[in-house]
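This report concerns only the one structure given below.
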Amino acid sequence: MADPVLMIPGLMCDARAFLPQILHLGRDRAVTVALPLMGPTVETMAQAILATAPSRFALVGMGLGGEVALEMLRRGGDRITRVALISTDPLAETPQHAASREARMVTARAGRLPQALAEEIPNTALADGQTRARVMRQLVDMWQSLGTDVYLQQSRALQRRPDHQRTLRGVRIPALIIAGAQDTLTPVRRQEFAAGLMAFARVEVIASAGHLPPMEAPDAVNSVLSAFLQGPLQLQQPLPKKEPPLLLR
């Protein structure tokens, strides 16, 4: 039987962010969703999810969920059979971005969560087209369900997230990077850099998507994920390559 799939959504998203993928992939394998809600850091979130995860599983993470997935690879990589990272930045947050995030957190504490989230994921972070309004409505529904406390907790975890370049260099399982061509928050080049650190990674750029490909272009993401999950686990040893320097920003 195919390995189960564990999916971790991003900032202020719940299972609805992966609904098309759950329905599509769930036809031939078990699919579960773990929300990154446990504890104030990426590390505590990863530890809590690993505690209840299957003994062997494929892992899919988006945004904050991708950061948690990277920490899970560092802690329990021997249980993970393959990994897909969507809109995921492997680097720690810069002081400038941390300061901007702090300002949004102040806005949320003042009772203006919609304003904070509109600054967090602006319209321009999504692909320009007919799907943008629909995706924004879905986002607002999830934001309202999760509320201010979750936003503050997850924002603090993103501020404190570790640099995972060394983790990526140690990944020896099939890996897939899914990037939205129109993502202005986690640019394609940053995700290509992450793929370049892994031995068996490839990048799929979704032309019709921005920061949230599973919601913006569900059919394309379903197709890419299905092919990846059905691919071989035994991969050829890659040729030795020069270690790229750590990327500092």
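Residues in the structure tokens are numbered from 1 in each chain, the chains being A, B, ... in the order shown, and ligands are numbered from 1 in the order shown.
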
Inset, instruction - Please run DSSP on the backbone and report, as a ChimeraX atom specification, all residues within range 60-247 of chain A that come out as alpha helix (DSSP H). - result: /A:64-76,95-109,113-120,131-159,165-169,188-197,213-216,218-229

Legend entry - DSSP strand (DSSP E or B) residues within range 80-186 of chain A, listed as number ranges by chain: A: 80-86, 175-180

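For the atom pair formed by CA of Ala127 in chain A and CA of Arg190 in chain A, the distance is 17.9 Å, given to one decimal.
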
Inset, instruction - Might you pull out every residue within 12 Å of Glu192 in chain A, with only C-alpha atoms counted and same-chain residues fewer than 3 positions away left off, and present them as a PyMOL selection string? - result: chain A and resi 85-90+176-181+186-189+195-198+201-205

May I have the residues from that selection written out with N, CA, C and O atoms, as an mmCIF file, in the first residue's frame?
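So the final result, stored in selection_1.cif, reads:
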```cif
data_model
loop_
_atom_site.group_PDB
_atom_site.id
_atom_site.type_symbol
_atom_site.label_atom_id
_atom_site.label_comp_id
_atom_site.auth_asym_id
_atom_site.auth_seq_id
_atom_site.Cartn_x
_atom_site.Cartn_y
_atom_site.Cartn_z
ATOM 1 N N LEU A 85 7.956 20.512 -0.678
ATOM 2 C CA LEU A 85 7.943 21.819 -0.032
ATOM 3 C C LEU A 85 7.334 22.836 -0.984
ATOM 4 O O LEU A 85 7.760 22.943 -2.142
ATOM 5 N N ILE A 86 6.353 23.574 -0.506
ATOM 6 C CA ILE A 86 5.631 24.537 -1.326
ATOM 7 C C ILE A 86 5.815 25.925 -0.731
ATOM 8 O O ILE A 86 5.565 26.134 0.473
ATOM 9 N N SER A 87 6.274 26.879 -1.528
ATOM 10 C CA SER A 87 6.425 28.268 -1.074
ATOM 11 C C SER A 87 7.191 28.334 0.248
ATOM 12 O O SER A 87 6.806 29.055 1.166
ATOM 13 N N THR A 88 8.301 27.605 0.313
ATOM 14 C CA THR A 88 9.054 27.473 1.565
ATOM 15 C C THR A 88 10.415 28.130 1.444
ATOM 16 O O THR A 88 11.156 27.885 0.487
ATOM 17 N N ASP A 89 10.764 28.943 2.435
ATOM 18 C CA ASP A 89 12.052 29.631 2.506
ATOM 19 C C ASP A 89 12.936 28.889 3.511
ATOM 20 O O ASP A 89 12.581 28.792 4.681
ATOM 21 N N PRO A 90 14.098 28.365 3.103
ATOM 22 C CA PRO A 90 14.934 27.608 4.035
ATOM 23 C C PRO A 90 15.761 28.473 4.970
ATOM 24 O O PRO A 90 16.426 27.949 5.868
ATOM 25 N N LEU A 176 10.615 17.412 -3.751
ATOM 26 C CA LEU A 176 9.950 18.216 -4.773
ATOM 27 C C LEU A 176 9.733 19.618 -4.219
ATOM 28 O O LEU A 176 9.259 19.787 -3.095
ATOM 29 N N ILE A 177 10.100 20.607 -4.997
ATOM 30 C CA ILE A 177 9.835 22.006 -4.668
ATOM 31 C C ILE A 177 8.759 22.501 -5.626
ATOM 32 O O ILE A 177 8.925 22.436 -6.848
ATOM 33 N N ILE A 178 7.648 22.983 -5.072
ATOM 34 C CA ILE A 178 6.571 23.562 -5.883
ATOM 35 C C ILE A 178 6.548 25.065 -5.618
ATOM 36 O O ILE A 178 6.345 25.504 -4.474
ATOM 37 N N ALA A 179 6.766 25.832 -6.672
ATOM 38 C CA ALA A 179 6.838 27.289 -6.559
ATOM 39 C C ALA A 179 5.839 27.938 -7.493
ATOM 40 O O ALA A 179 5.653 27.490 -8.628
ATOM 41 N N GLY A 180 5.208 28.997 -7.024
ATOM 42 C CA GLY A 180 4.344 29.786 -7.879
ATOM 43 C C GLY A 180 5.158 30.817 -8.640
ATOM 44 O O GLY A 180 5.941 31.563 -8.038
ATOM 45 N N ALA A 181 4.988 30.857 -9.941
ATOM 46 C CA ALA A 181 5.784 31.769 -10.759
ATOM 47 C C ALA A 181 5.566 33.226 -10.365
ATOM 48 O O ALA A 181 6.460 34.060 -10.547
ATOM 49 N N THR A 186 7.870 34.529 -1.518
ATOM 50 C CA THR A 186 8.967 33.552 -1.551
ATOM 51 C C THR A 186 9.318 33.340 -3.020
ATOM 52 O O THR A 186 8.775 32.453 -3.679
ATOM 53 N N PRO A 187 10.205 34.161 -3.552
ATOM 54 C CA PRO A 187 10.471 34.125 -5.001
ATOM 55 C C PRO A 187 10.973 32.761 -5.460
ATOM 56 O O PRO A 187 11.560 31.987 -4.693
ATOM 57 N N VAL A 188 10.761 32.482 -6.732
ATOM 58 C CA VAL A 188 11.173 31.208 -7.309
ATOM 59 C C VAL A 188 12.667 30.973 -7.103
ATOM 60 O O VAL A 188 13.100 29.854 -6.784
ATOM 61 N N ARG A 189 13.475 32.008 -7.256
ATOM 62 C CA ARG A 189 14.930 31.816 -7.145
ATOM 63 C C ARG A 189 15.326 31.337 -5.754
ATOM 64 O O ARG A 189 16.297 30.577 -5.608
ATOM 65 N N ALA A 195 16.314 23.804 -3.571
ATOM 66 C CA ALA A 195 16.399 22.549 -4.320
ATOM 67 C C ALA A 195 17.845 22.206 -4.644
ATOM 68 O O ALA A 195 18.229 21.024 -4.624
ATOM 69 N N GLY A 196 18.648 23.217 -4.923
ATOM 70 C CA GLY A 196 20.039 22.977 -5.272
ATOM 71 C C GLY A 196 20.863 22.419 -4.136
ATOM 72 O O GLY A 196 21.939 21.847 -4.373
ATOM 73 N N LEU A 197 20.397 22.563 -2.919
ATOM 74 C CA LEU A 197 21.116 22.027 -1.764
ATOM 75 C C LEU A 197 20.838 20.548 -1.543
ATOM 76 O O LEU A 197 21.592 19.882 -0.822
ATOM 77 N N MET A 198 19.766 20.025 -2.141
ATOM 78 C CA MET A 198 19.370 18.635 -1.901
ATOM 79 C C MET A 198 19.858 17.726 -3.012
ATOM 80 O O MET A 198 19.982 18.131 -4.160
ATOM 81 N N ALA A 201 16.419 16.525 -5.554
ATOM 82 C CA ALA A 201 15.299 17.466 -5.606
ATOM 83 C C ALA A 201 15.086 17.982 -7.018
ATOM 84 O O ALA A 201 16.030 18.121 -7.799
ATOM 85 N N ARG A 202 13.830 18.274 -7.322
ATOM 86 C CA ARG A 202 13.513 18.965 -8.572
ATOM 87 C C ARG A 202 12.486 20.048 -8.272
ATOM 88 O O ARG A 202 11.762 19.992 -7.272
ATOM 89 N N VAL A 203 12.433 21.029 -9.137
ATOM 90 C CA VAL A 203 11.551 22.184 -8.964
ATOM 91 C C VAL A 203 10.464 22.146 -10.023
ATOM 92 O O VAL A 203 10.738 21.918 -11.200
ATOM 93 N N GLU A 204 9.243 22.366 -9.587
ATOM 94 C CA GLU A 204 8.113 22.551 -10.496
ATOM 95 C C GLU A 204 7.561 23.955 -10.279
ATOM 96 O O GLU A 204 7.098 24.278 -9.183
ATOM 97 N N VAL A 205 7.641 24.776 -11.304
ATOM 98 C CA VAL A 205 7.123 26.146 -11.222
ATOM 99 C C VAL A 205 5.728 26.164 -11.841
ATOM 100 O O VAL A 205 5.559 25.781 -13.002
#
```

Taking 5 positions as the minimum chain separation for residues in the same chain, which residues sit within 12 Å of His97 in chain A when counting only C-alpha atoms? Answer as a compact mmCIF listing (two decimals) with N, CA and C atoms, in the first residue's frame.
```
# COMPACT_ATOMS: atom_id res chain seq x y z
N LEU A 91 15.73 29.78 4.78
CA LEU A 91 16.59 30.67 5.57
C LEU A 91 15.87 31.20 6.79
N ALA A 92 16.65 31.59 7.78
CA ALA A 92 16.10 32.26 8.95
C ALA A 92 15.59 33.64 8.53
N GLU A 102 6.79 42.16 13.36
CA GLU A 102 6.44 42.68 14.68
C GLU A 102 5.40 43.78 14.57
N ALA A 103 5.53 44.63 13.56
CA ALA A 103 4.56 45.70 13.35
C ALA A 103 3.18 45.13 13.03
N ARG A 104 3.12 44.08 12.24
CA ARG A 104 1.83 43.45 11.94
C ARG A 104 1.23 42.79 13.18
N GLU A 120 0.10 40.89 5.46
CA GLU A 120 0.87 39.64 5.47
C GLU A 120 0.83 38.96 4.10
N SER A 155 3.18 33.72 13.95
CA SER A 155 4.08 34.80 13.54
C SER A 155 5.36 34.76 14.36
N ARG A 156 5.23 34.55 15.67
CA ARG A 156 6.41 34.46 16.52
C ARG A 156 7.29 33.27 16.11
N LEU A 158 7.58 32.03 13.11
CA LEU A 158 8.27 32.40 11.88
C LEU A 158 9.43 33.35 12.15
N GLN A 159 9.25 34.26 13.09
CA GLN A 159 10.33 35.18 13.46
C GLN A 159 11.55 34.42 13.97
N ARG A 160 11.30 33.34 14.71
CA ARG A 160 12.38 32.61 15.38
C ARG A 160 12.86 31.39 14.60
N LEU A 185 6.34 36.77 -2.32
CA LEU A 185 6.78 36.63 -0.93
C LEU A 185 7.95 35.64 -0.80
N ARG A 249 21.58 36.57 4.19
CA ARG A 249 20.86 37.71 3.62
C ARG A 249 20.66 38.78 4.65
```

Go through range 108-180 of chain A and flag each residue having an atom no more than 10 Å from range 210-226 of chain A; for those, report the closest pair of atoms plus their distance in Å to one decimal, using only C-alpha atoms, ordered by chain and rising number, as a tab-separated table.
```
residue	atom	partner	partner_atom	distance
A:Ile121	CA	A:His211	CA	8.4
A:Asn123	CA	A:Gly210	CA	9.7
A:Thr124	CA	A:Gly210	CA	8.4
A:Ala125	CA	A:His211	CA	5.7
A:Leu126	CA	A:Gly210	CA	4.2
A:Ala127	CA	A:Gly210	CA	4.6
A:Asp128	CA	A:Gly210	CA	8.3
A:Gly129	CA	A:Glu216	CA	9.7
A:Gln130	CA	A:Glu216	CA	9.7
A:Thr131	CA	A:Glu216	CA	6.3
A:Arg132	CA	A:Glu216	CA	7.3
A:Arg134	CA	A:Glu216	CA	8.7
A:Val135	CA	A:Met215	CA	6.5
A:Met136	CA	A:Met215	CA	9.8
A:Gln138	CA	A:Met215	CA	8.8
A:Leu139	CA	A:Met215	CA	9.5
A:Leu176	CA	A:Leu225	CA	8.4
A:Ile178	CA	A:Pro213	CA	7.8
A:Ala179	CA	A:Pro213	CA	7.2
A:Gly180	CA	A:Gly210	CA	4.4
```

Those residues with N, CA and C atoms, as a PDB file, in the first residue's frame please?
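Heads up, here's the output in part-v5.pdb:
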```
ATOM      1  N   ILE A 121      -0.364  38.816   3.552  1.00  0.00           N
ATOM      2  CA  ILE A 121      -0.525  38.197   2.232  1.00  0.00           C
ATOM      3  C   ILE A 121      -1.355  39.148   1.373  1.00  0.00           C
ATOM      4  N   ASN A 123      -2.829  41.111  -2.038  1.00  0.00           N
ATOM      5  CA  ASN A 123      -3.326  40.615  -3.329  1.00  0.00           C
ATOM      6  C   ASN A 123      -2.195  40.327  -4.297  1.00  0.00           C
ATOM      7  N   THR A 124      -1.160  41.153  -4.244  1.00  0.00           N
ATOM      8  CA  THR A 124      -0.065  41.025  -5.203  1.00  0.00           C
ATOM      9  C   THR A 124       0.768  39.768  -4.986  1.00  0.00           C
ATOM     10  N   ALA A 125       0.577  39.075  -3.856  1.00  0.00           N
ATOM     11  CA  ALA A 125       1.302  37.816  -3.622  1.00  0.00           C
ATOM     12  C   ALA A 125       0.662  36.646  -4.355  1.00  0.00           C
ATOM     13  N   LEU A 126      -0.555  36.863  -4.858  1.00  0.00           N
ATOM     14  CA  LEU A 126      -1.273  35.824  -5.589  1.00  0.00           C
ATOM     15  C   LEU A 126      -1.259  36.140  -7.082  1.00  0.00           C
ATOM     16  N   ALA A 127      -1.468  35.115  -7.879  1.00  0.00           N
ATOM     17  CA  ALA A 127      -1.459  35.294  -9.325  1.00  0.00           C
ATOM     18  C   ALA A 127      -2.581  36.234  -9.751  1.00  0.00           C
ATOM     19  N   ASP A 128      -2.263  37.065 -10.705  1.00  0.00           N
ATOM     20  CA  ASP A 128      -3.258  37.997 -11.238  1.00  0.00           C
ATOM     21  C   ASP A 128      -4.202  37.232 -12.166  1.00  0.00           C
ATOM     22  N   GLY A 129      -5.475  37.249 -11.841  1.00  0.00           N
ATOM     23  CA  GLY A 129      -6.427  36.528 -12.678  1.00  0.00           C
ATOM     24  C   GLY A 129      -7.740  36.301 -11.964  1.00  0.00           C
ATOM     25  N   GLN A 130      -8.577  35.469 -12.549  1.00  0.00           N
ATOM     26  CA  GLN A 130      -9.925  35.260 -12.036  1.00  0.00           C
ATOM     27  C   GLN A 130      -9.944  34.529 -10.697  1.00  0.00           C
ATOM     28  N   THR A 131      -8.888  33.770 -10.398  1.00  0.00           N
ATOM     29  CA  THR A 131      -8.901  32.977  -9.163  1.00  0.00           C
ATOM     30  C   THR A 131      -8.542  33.805  -7.930  1.00  0.00           C
ATOM     31  N   ARG A 132      -7.953  34.979  -8.130  1.00  0.00           N
ATOM     32  CA  ARG A 132      -7.440  35.747  -6.988  1.00  0.00           C
ATOM     33  C   ARG A 132      -8.544  36.080  -5.984  1.00  0.00           C
ATOM     34  N   ARG A 134     -11.410  34.613  -5.470  1.00  0.00           N
ATOM     35  CA  ARG A 134     -11.890  33.396  -4.797  1.00  0.00           C
ATOM     36  C   ARG A 134     -10.928  32.953  -3.707  1.00  0.00           C
ATOM     37  N   VAL A 135      -9.643  32.936  -4.008  1.00  0.00           N
ATOM     38  CA  VAL A 135      -8.653  32.508  -3.021  1.00  0.00           C
ATOM     39  C   VAL A 135      -8.624  33.461  -1.832  1.00  0.00           C
ATOM     40  N   MET A 136      -8.738  34.757  -2.088  1.00  0.00           N
ATOM     41  CA  MET A 136      -8.743  35.723  -0.985  1.00  0.00           C
ATOM     42  C   MET A 136      -9.947  35.507  -0.083  1.00  0.00           C
ATOM     43  N   GLN A 138     -11.429  32.643   0.462  1.00  0.00           N
ATOM     44  CA  GLN A 138     -11.137  31.440   1.234  1.00  0.00           C
ATOM     45  C   GLN A 138     -10.147  31.738   2.353  1.00  0.00           C
ATOM     46  N   LEU A 139      -9.157  32.569   2.063  1.00  0.00           N
ATOM     47  CA  LEU A 139      -8.198  32.957   3.089  1.00  0.00           C
ATOM     48  C   LEU A 139      -8.881  33.675   4.250  1.00  0.00           C
ATOM     49  N   LEU A 176      10.615  17.412  -3.751  1.00  0.00           N
ATOM     50  CA  LEU A 176       9.950  18.216  -4.773  1.00  0.00           C
ATOM     51  C   LEU A 176       9.733  19.618  -4.219  1.00  0.00           C
ATOM     52  N   ILE A 178       7.648  22.983  -5.072  1.00  0.00           N
ATOM     53  CA  ILE A 178       6.571  23.562  -5.883  1.00  0.00           C
ATOM     54  C   ILE A 178       6.548  25.065  -5.618  1.00  0.00           C
ATOM     55  N   ALA A 179       6.766  25.832  -6.672  1.00  0.00           N
ATOM     56  CA  ALA A 179       6.838  27.289  -6.559  1.00  0.00           C
ATOM     57  C   ALA A 179       5.839  27.938  -7.493  1.00  0.00           C
ATOM     58  N   GLY A 180       5.208  28.997  -7.024  1.00  0.00           N
ATOM     59  CA  GLY A 180       4.344  29.786  -7.879  1.00  0.00           C
ATOM     60  C   GLY A 180       5.158  30.817  -8.640  1.00  0.00           C
TER      61      GLY A 180
END
```

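Closest to Ala98 in chain A among A:Val150, A:Ala227, A:Ala157, A:Ala30 is A:Ala157, based on only C-alpha atoms.
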
Inset, instruction - Write out as a VMD selection string each polymer residue whose atoms come within 12 Å of Arg75 in chain A, counting only C-alpha atoms; drop sequence neighbours fewer than 4 positions from it. - result: chain A and resid 42 to 51 68 to 71 79 to 80 164 167 170 to 171

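When only C-alpha atoms are used to measure the gap to Ser145 in chain A, the shortest distance among A:Leu113, A:Ala99, A:Phe228, A:Gly66 belongs to A:Leu113.
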